[in-house]
Amino acid sequence: MKIACFDMEGTLTPEIWEQVALDTGIEGFNKTTRDIPDYGELMDFRLELMASNNLGISEIQNAVNKLDLLDGAKDFLDEIKESFQVVILSDTFHEFASPLMKKMGYPLLLCHNLDLDKDGSIKGYKLRHTKAKQQAIEAFQSIGYQCLAAGDSYNDIQMFDVADHAFFMNAPEKIAMEFPKIPSFNKYDDLKKAFLEVV
Ligand SMILES: [Mg+2]
């Protein structure tokens, strides 16, 4: 039994911060790892924007509650679970990811933690590891599991570097073209087929 490792936002769900941008009208929240590849730099930027606009955890939770999985993602995951163990390796945060986890049927989620103040303002964040996705895959491999990985953006390259099989899913053409050795898909059926070829 191999482990299927999925990025969450952009791969299985919409981008959470884009919904925050929509709700607040603040354009800066639309930036993702596609725009600022260094995740620490991106989070620092987001938290400064939150603080300067007096926004806290509840605004993000409200945004997440409005989101649905991407079309076909739930069926895809259900089918993949028949042949693989499924884990979500995400740069999201435990403090607001749970509504999406519920919609996915509560797969194992490995991500980061926020440092919250009593009033719900966000004091900071704690990345589990600077290369948390890569670290997780190497850990699974160290206990004898082969890993497949699928993601849509720059922050997934670290897991593609070590995974036994790597695939882009929903990646912008620009990013997929920078890494021509990684097969790139836009339909879950195609990704499922690629996964099942290496069961
Ligand atoms: Mg993503």
# chains A, B, ... in the order shown; residues from 1 in each chain; ligands from 1
$ residues_around --residues "segment 9-17 of chain A" --least-positions-apart "4" --cutoff "6 Å" --atoms "only C-alpha atoms" --output "number ranges by chain"
A: 29, 69-70, 73, 151-152, 169
$ residues_around --residues "Leu49 of chain A" --least-positions-apart "2" --cutoff "12 Å" --atoms "only C-alpha atoms" --output "list in words"
Trp17, Val20, Ala21, Thr24, Ile26, Glu27, Gly28, Phe29, Asn30, Lys31, Leu42, Met43, Asp44, Phe45, Arg46, Leu47, Ala51, Ser52, Asn53, Asn54, Leu55, Gly56 and Ile122 of chain A
$ select_by_dssp --residues "segment 30-155 of chain A" --states "alpha helix (DSSP H)" --output "PyMOL selection string"
chain A and resi 39-52+57-66+73-80+94-103+132-142
$ closest_residue --among "A:Ala171, A:Ala136, A:Leu127, A:Ile3" --to "ligand 1" --atoms "only C-alpha atoms and all ligand atoms"
A:Ala171
$ select_by_dssp --residues "segment 6-190 of chain A" --states "strand (DSSP E)" --output "VMD selection string"
chain A and resid 6 85 to 93 108 to 116 122 to 126 147 to 151 165 to 169 184 to 185
$ closest_residue --among "A:Lys74, A:Lys66, A:Lys123, A:Arg34" --to "ligand 1" --atoms "only C-alpha atoms and all ligand atoms"
A:Arg34
$ closest_residue --among "A:Ile88, A:Ile182, A:Leu196, A:Ile143" --to "ligand 1" --atoms "only C-alpha atoms and all ligand atoms"
A:Ile88
$ residues_around --residues "Val86 of chain A" --least-positions-apart "4" --cutoff "9 Å" --atoms "only C-alpha atoms" --output "NGL selection string"
:A and (2-6 or 77 or 80-81 or 107-108)
$ closest_residue --among "A:Gln135, A:Asn65, A:Thr130, A:Gln158" --to "Lys102 of chain A" --atoms "only C-alpha atoms"
A:Asn65
$ closest_residue --among "A:Gln61, A:Gln141, A:Asn186, A:Thr33" --to "Ala97 of chain A" --atoms "only C-alpha atoms"
A:Gln61
$ closest_residue --among "A:Pro37, A:Pro99, A:Pro183, A:Gly25" --to "ligand 1" --atoms "only C-alpha atoms and all ligand atoms"
A:Pro37
$ residues_around --residues "Met159 of chain A" --least-positions-apart "5" --cutoff "7 Å" --atoms "only C-alpha atoms" --output "count of residues only"
4
$ atom_distance --atom1 "atom CA of Ala63 of chain A" --atom2 "atom CA of Asp91 of chain A"
16.8 Å
